[in-house]
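Working notes for the structure below.
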Amino acid sequence: MDEQDREKGPEQTDVDRISEESGGKDPQEHEKICDMCHRPESRAGAMFVMPGNMCVCHDCMQKVFDSVMGKGTDLSKIDWSKVNLMPIAGVPFMGGTIPGMERPDAKQVKKKKEKKEPEFSLKDVPAPHRIKAELDDFVIGQEQAKKVVSVAVYNHYKRVYAEQCRQSGREVPDDGVRIEKSNILMIGPTGSGKTYLVKTLAQLLDVPLAVADATSLTESGYIGDDIESVVSKLLSAAGNDVEKAEHGIIFIDEIDKIAKKQQTTSRDVSGESVQQELLKLLEGSVVEVPVGSNQKNALTPTATVNTDNILFICGGAFPDLEEIIRKRLTEKSSMGFGAVLKDSFDTEKGVLSQVVHEDLRRFGMIPEFLGRLPVVVTLEKLTKEMMVRILKEPKNAILRQYQKLLEMDEVRLIFDDDALDWIAEEAIRRETGARALRAILEEFMLDIMYEIPKDPNIGSVTITRAYLEKKGGPRIEMRG
């Protein structure tokens, strides 16, 4: 120990030496993370540190030895000085150190400071009229659907608040009354805005959202994604924060694809069986889900998630459901001057709004599944007027996006009203809803986005109906 160390004192010298060996990082502010499960040392415990700054937690190391040497291997009784992990890792010698004898240059992350998050409060959720007002800025039309969803979401988070008050022992109004869970079923033609409505709602509420596709779900034990994979996606969207994920939203799209098959002689592993297994998630249960993966295995860490406070929204196009509704309505027709004619519903618009659970059961949804989706929302088919409004009115309208792109080249982009009408008519003809609008614009804007940057003297470009009908070109005005 030199004279400078004697002046600092023994305690301060040790701290300085540790700081220098760790690359200037204060060991009290930084911690190592596992390279396999990515958990910090504060959660996974002491780390095994190997050459190359590779850190492995005790749980992952135990799983490796269990898979190679058999279950029951005690890591504390292993002579680590003689360990060669070459047969395990398939690479040259990777001898490690026991916890507490780590290399100073091991991989480290800054420790998270413990902070107490405020409990969930009703002040965090806007009132239904405010939710709908925000949705109006992004979603055109679908007034009834936006109203129903706003009320259902507000009531759901009031239920979450009441449950938290009950668990913490605080008094709540009308204590003893348990509010049941109200999941949502959205029915509407393709391109009517089901997914977009849910994504906008999640951004407004600032809660994690997971969008899953029901077509990939199968019964446990068969090829495909297990039911718990939808919860695993939500946990990933919440940054592996279980408490945050338990207040999130899960949107299961294409829910009509798991309808019960009417005539089949084989096991329906992607239809009725999936509906049966979804019951526990919709009702609320505690499930073990893999962290960072959709598949469970011996090396994947798991987390316990309670789905009781997760809002489930299921959406689907339900093709041919309108025919089932019309058939039910015409069965009630009678004879006489005041009778309802059988063909009176053939041309009626909005027949989808008259759907009842009986129609959905005939489509192939089981009663137990429908009982856990008490809120049914129907979205109407987009009309020509709605298509034109979708093009230019929302905050992130498609036309505004292209105008912003050309503004970066100092060029104004203008669309004639006749051109917007033609785009809306073409989108309706393609029968893919609002998705067709971007496809049409991408097709006709390709040449413009390619040619305009060539000439810096171009000041504005006007898209005309003649250009869209391929009978002419766009109007181009030069600067000055």
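Going by the structure tokens order, chains are called A, B, ..., each with residues numbered from 1, while ligands are numbered from 1 in the order shown.
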
In segment 198-327 of chain A, DSSP strand (DSSP E) residues written as a ChimeraX atom specification: /A:209-213,249-253,286-290,302-306,311-316

query: Contacts of segment 307-320 of chain A at 9 Å or less, counting only C-alpha atoms, minus same-chain residues fewer than 6 places along, as JSON, numbers by chain?
result: {"A": [153, 156, 157, 159, 160, 163, 181, 182, 183, 184, 185, 186, 187, 188, 189, 190, 194, 195, 198, 231, 245, 246, 247, 248, 249, 250, 251, 252, 253, 254, 255, 256, 257, 280, 281, 282, 283, 284, 285, 286, 287, 360, 363, 373]}

task: Show which residues sit within 9 Å of Tyr154 of chain A, as JSON, numbers by chain. Count only C-alpha atoms, and ignore same-chain residues fewer than 5 positions away.
output: {"A": [122, 125, 126, 127, 128, 131, 149, 159]}

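Nearest residue to Leu437 of chain A, choosing from A:Val376, A:Thr464, A:Ile398, A:Glu410 and counting only C-alpha atoms: A:Ile398.
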
query: For Ala152 of chain A, which residue out of A:Ser67, A:Phe415, A:Glu180, A:Ala466 is the nearest one, using only C-alpha atoms?
result: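 Under the stated criterion, the closest residue is A:Glu180.
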
task: Please identify which residues in segment 290-459 of chain A DSSP calls alpha helix (DSSP H) from the backbone, and express them as number ranges by chain.
output: A: 321-331, 357-363, 367-371, 384-392, 398-407, 417-430, 435-451
